[in-house]
Amino acid sequence: MNIKGKKVIALGERDGIQGTALAECARSAGAEVVLQMTHCFV
Amino acid sequence: MTQTLVRPVIQGVRYVLAHTPGLVRYGSKPTRELAQAPGLLDAINAHLRSYEAAVAYPPNRAFLGAIYPDDLRTYGQPWYKVSEGGQRWGPHGEIMPEGEFYGFLRICDAFDLVWLEAEFTRVVRTHLTQHPFISATDLGRLGEGFPASKIEAQIASGGLALPLFLRDGRVIGCIHAAHDEDGSLAADVLLENLACKATATLALRTLLAHSKTDPTMIEYVLNSGEEAVGDRYQRGGGNLAKAVAEMCGCTMATGSDIKGFCCGPVHALAVAGGLVSSRMFRQVVVLGGCSLAKLGMKFRGHLHHDQPILEDVLAGVAVLVGEDDGRSPVLRLDSLGRHTVGAGSSQQAIFERLVAEPLQRLNLRFRDIDKYATELHNPEVTEPAGSGNVPLLNYRVIGGLAALHKEITPAELPAFVTQHGMPGFSPTQGHIASAIPFLGHAVDRMLAGQMQRAMFLAKGSLFLGRMTQMADGLSFILERQP
């Protein structure tokens, strides 16, 4: 998937992949991260 | 790590559950949902469990020490269909019925906040009189109760008193706000804090009695719960530790709170170990009361699957940390794993710091740890709400790390998870569910010579408070005496 130039919302999960890590990946692929957040479901 | 003066040991662990279906409506999620759709209450009430069902529920029995967590695999799921085999008292503590718990709330109330109806109080008194850890002084605090008409009037007058319900919907009392303009002293906040005090008190009283510990020998108490006790000028002022110590006759103790979201208890155990090791204090108690806000947290998923609302219990824990007695399992202070600020936030980075790095430091292999105690949330609570099987996720990461370190092959991962992990069995009570539900089992097994060492690791979701994007984590190894 090519996300270069796209806007990205990065929603992470504490026991999975955190929002900060998702956002970093998206930025490195040329996307603009407009929101990043990590949730805790317990 | 330099050599310590004294090795700290875990001299006892006790737990408590209070079955409080009538309080489910006051969990954070139900409160918010009911404000939007009051008609939901009928569905909630129709899915509340009986006390007998909560007693028989295998995860609750595992929490109270009657079932070894691995043995939960022998019970067919769904576990909530198991209707026989439970008892109020397990080896590690009791599950208290809601009527008695309301009575104990009143006993723990130092400010006349909780009013219970007179006839209800009379009935509860007959039950609490039989309780091994309720004294005549406690029964004096229970009082005679209040006329129903007076309670109704309090509830009707301006919304500063919150009604207290039984599972069947009957109002048996109310709890008052302590200030008419202070949100930190609102009735719902005080109910959360008082319930936390009550569950922690029950756990500590059980611990002191079962370990035959003189309460006056306790020098320091560390509370590690998620409550925020305070007022408008200091919302998390704290020191519930001392309030609980007072309730347990620990007249020579003082204390303080250690906060770290779900990671609080493991931080507190590490600090307690340090206090004992340095001989600052000979015996330190670590405790945590309940998280009332998490009652019914996943109720939507439970209603959707037409299953009982399983988040209907409040939990508490108390741990006694003392000087090496030549017998009790050792809290190895040289084994601490820390998720440091600079460690990075990926799961791999967190588990490297909490698991791999301490093992490497101690020249241990992944398989040298008999059991890893991580987030032990009961999957039967979380999966219907789409939140996954949290302990299984964590065990796969630990196993994956063992594979990355070439200590197991990828094909051995499922067996590693089964052998060194365990099914989740803890109520979703935040800090309570993080590692420490296994502490009592580990102590039992080590004292019986059936387990060499276990690792306890907890994670805290610091980002929830919006002060940092970081998570947190801490781990330690518990080891049998030679």
# chains A, B, ... in the order shown; residues from 1 in each chain; ligands from 1
>>> closest_atom_pairs(of="chain A", to="chain B", cutoff="7 Å", atoms="only C-alpha atoms", output="Markdown table")
| residue | atom | partner | partner_atom | distance |
| --- | --- | --- | --- | --- |
| A:Asp15 | CA | B:Val390 | CA | 6.9 |
| A:Gly16 | CA | B:Gln347 | CA | 6.9 |
| A:Ile17 | CA | B:Ser346 | CA | 6.5 |
| A:Gln18 | CA | B:Ser346 | CA | 6.5 |
| A:Ala21 | CA | B:Ser346 | CA | 6.4 |
| A:Cys40 | CA | B:Ser461 | CA | 6.7 |
| A:Phe41 | CA | B:Ser387 | CA | 5.9 |
| A:Val42 | CA | B:Thr428 | CA | 6.4 |
>>> write_last_selection(atoms="N, CA and C atoms", output="PDB file, in the first residue's frame")
ATOM      1  N   ASP A  15      -1.245  -3.390  24.348  1.00  0.00           N
ATOM      2  CA  ASP A  15      -0.731  -4.749  24.296  1.00  0.00           C
ATOM      3  C   ASP A  15      -0.509  -5.223  22.862  1.00  0.00           C
ATOM      4  N   GLY A  16      -0.699  -4.336  21.910  1.00  0.00           N
ATOM      5  CA  GLY A  16      -0.392  -4.668  20.522  1.00  0.00           C
ATOM      6  C   GLY A  16       0.691  -3.736  20.031  1.00  0.00           C
ATOM      7  N   ILE A  17       0.347  -2.892  19.074  1.00  0.00           N
ATOM      8  CA  ILE A  17       1.308  -1.916  18.550  1.00  0.00           C
ATOM      9  C   ILE A  17       0.850  -0.525  18.975  1.00  0.00           C
ATOM     10  N   GLN A  18       1.736   0.204  19.589  1.00  0.00           N
ATOM     11  CA  GLN A  18       1.357   1.516  20.124  1.00  0.00           C
ATOM     12  C   GLN A  18       1.228   2.559  19.018  1.00  0.00           C
ATOM     13  N   ALA A  21       4.378   4.099  17.547  1.00  0.00           N
ATOM     14  CA  ALA A  21       5.117   3.258  16.594  1.00  0.00           C
ATOM     15  C   ALA A  21       4.433   3.271  15.227  1.00  0.00           C
ATOM     16  N   CYS A  40      -5.918   1.690  25.771  1.00  0.00           N
ATOM     17  CA  CYS A  40      -5.714   0.567  26.680  1.00  0.00           C
ATOM     18  C   CYS A  40      -7.086  -0.053  26.872  1.00  0.00           C
ATOM     19  N   PHE A  41      -7.243  -1.297  26.473  1.00  0.00           N
ATOM     20  CA  PHE A  41      -8.579  -1.899  26.504  1.00  0.00           C
ATOM     21  C   PHE A  41      -8.860  -2.677  27.783  1.00  0.00           C
ATOM     22  N   VAL A  42      -7.966  -2.584  28.726  1.00  0.00           N
ATOM     23  CA  VAL A  42      -8.244  -3.193  30.024  1.00  0.00           C
ATOM     24  C   VAL A  42      -7.986  -2.168  31.121  1.00  0.00           C
TER      25      VAL A  42
END
>>> select_by_dssp(residues="segment 9-38 of chain A", states="strand (DSSP E or B)", output="ChimeraX atom specification")
/A:9-13,32-38
>>> select_by_dssp(residues="segment 105-352 of chain B", states="helix (DSSP H, G or I)", output="count of residues only")
104
>>> residues_around(residues="segment 150-159 of chain B", least_positions_apart="2", cutoff="9 Å", atoms="only C-alpha atoms", output="list in words")
Trp115, Leu116, Glu117, Phe146, Pro147, Ala148, Ala161, Leu162, Pro163, Val171, Ile172, Gly173, Cys174, Ile175, His176 and Ala177 of chain B
>>> residues_around(residues="segment 229-243 of chain B", least_positions_apart="3", cutoff="7 Å", atoms="only C-alpha atoms", output="list in words")
Asp182, Gly183, Ser184, Leu185, Asn193, Lys197, Val221, Leu222, Asn223, Glu246, Met247, Thr254, Gly255, Ser256 and Asp257 of chain B
>>> atom_distance(atom1="atom CA of Met455 of chain B", atom2="atom CA of Leu310 of chain B")
27.9 Å
>>> residues_around(residues="Ile3 of chain A", least_positions_apart="6", cutoff="9 Å", atoms="only C-alpha atoms", output="list in words")
Ala26, Ala29, Gly30, Ala31 and Glu32 of chain A
>>> residues_around(residues="Pro265 of chain B", least_positions_apart="2", cutoff="12 Å", atoms="only C-alpha atoms", output="NGL selection string")
:B and (222-226 or 257-263 or 267-272 or 285-289 or 316-319 or 430-437 or 439 or 456-460 or 473-476)
>>> write_last_selection(atoms="C-alpha atoms", output="mmCIF file, in the first residue's frame")
data_model
loop_
_atom_site.group_PDB
_atom_site.id
_atom_site.type_symbol
_atom_site.label_atom_id
_atom_site.label_comp_id
_atom_site.auth_asym_id
_atom_site.auth_seq_id
_atom_site.Cartn_x
_atom_site.Cartn_y
_atom_site.Cartn_z
ATOM 1 C CA LEU B 222 2.545 1.090 50.596
ATOM 2 C CA ASN B 223 -0.761 1.449 48.790
ATOM 3 C CA SER B 224 -0.588 0.950 45.045
ATOM 4 C CA GLY B 225 -4.198 1.284 43.900
ATOM 5 C CA GLU B 226 -5.681 3.417 41.151
ATOM 6 C CA ASP B 257 0.923 5.569 48.045
ATOM 7 C CA ILE B 258 2.865 4.531 44.975
ATOM 8 C CA LYS B 259 1.089 5.296 41.737
ATOM 9 C CA GLY B 260 1.805 3.928 38.299
ATOM 10 C CA PHE B 261 -1.493 2.950 36.681
ATOM 11 C CA CYS B 262 -1.569 -0.866 36.392
ATOM 12 C CA CYS B 263 2.148 -1.003 37.174
ATOM 13 C CA HIS B 267 6.684 -0.712 41.609
ATOM 14 C CA ALA B 268 5.491 -0.868 45.223
ATOM 15 C CA LEU B 269 6.859 -4.391 45.694
ATOM 16 C CA ALA B 270 10.235 -3.313 44.345
ATOM 17 C CA VAL B 271 10.308 -0.316 46.686
ATOM 18 C CA ALA B 272 9.144 -2.455 49.614
ATOM 19 C CA VAL B 285 2.885 -4.240 53.496
ATOM 20 C CA VAL B 286 2.036 -3.603 49.864
ATOM 21 C CA LEU B 287 -1.659 -3.342 49.175
ATOM 22 C CA GLY B 288 -4.141 -2.365 46.534
ATOM 23 C CA GLY B 289 -7.875 -1.913 46.787
ATOM 24 C CA GLY B 316 -8.182 -6.255 46.740
ATOM 25 C CA VAL B 317 -4.717 -7.592 47.480
ATOM 26 C CA ALA B 318 -2.218 -7.369 50.326
ATOM 27 C CA VAL B 319 1.384 -8.601 50.351
ATOM 28 C CA GLY B 430 -6.566 -2.442 36.525
ATOM 29 C CA HIS B 431 -3.547 -2.640 38.810
ATOM 30 C CA ILE B 432 -4.923 -5.784 40.458
ATOM 31 C CA ALA B 433 -4.793 -7.774 37.218
ATOM 32 C CA SER B 434 -1.159 -6.953 36.473
ATOM 33 C CA ALA B 435 0.957 -9.938 37.496
ATOM 34 C CA ILE B 436 0.141 -9.980 41.219
ATOM 35 C CA PRO B 437 -2.836 -12.384 41.018
ATOM 36 C CA LEU B 439 1.916 -14.099 43.467
ATOM 37 C CA PHE B 456 6.306 -10.838 37.525
ATOM 38 C CA LEU B 457 5.964 -8.088 34.960
ATOM 39 C CA ALA B 458 3.470 -5.282 34.753
ATOM 40 C CA LYS B 459 2.804 -2.508 32.298
ATOM 41 C CA GLY B 460 1.251 0.875 32.972
ATOM 42 C CA GLY B 473 6.799 -1.319 32.933
ATOM 43 C CA LEU B 474 8.627 -3.047 35.755
ATOM 44 C CA SER B 475 9.498 -6.666 36.479
ATOM 45 C CA PHE B 476 11.107 -8.803 39.159
#
>>> residues_around(residues="His131 of chain B", least_positions_apart="4", cutoff="12 Å", atoms="only C-alpha atoms", output="ChimeraX atom specification")
/B:88-89,94,96-97,100-101,103-104,124-127,135-136,138-139,202,205-206
>>> atom_distance(atom1="atom CA of Val114 of chain B", atom2="atom CA of Asp188 of chain B")
11.7 Å
>>> atom_distance(atom1="atom CA of Ala448 of chain B", atom2="atom CA of Ala209 of chain B")
20.9 Å
>>> closest_residue(among="B:Pro358, B:Pro482, B:Gly400, B:Gly326", to="Gln11 of chain B", atoms="only C-alpha atoms")
B:Gly326
>>> closest_residue(among="B:Leu208, B:Leu166, B:Leu34, B:Ala46", to="Pro21 of chain B", atoms="only C-alpha atoms")
B:Leu166
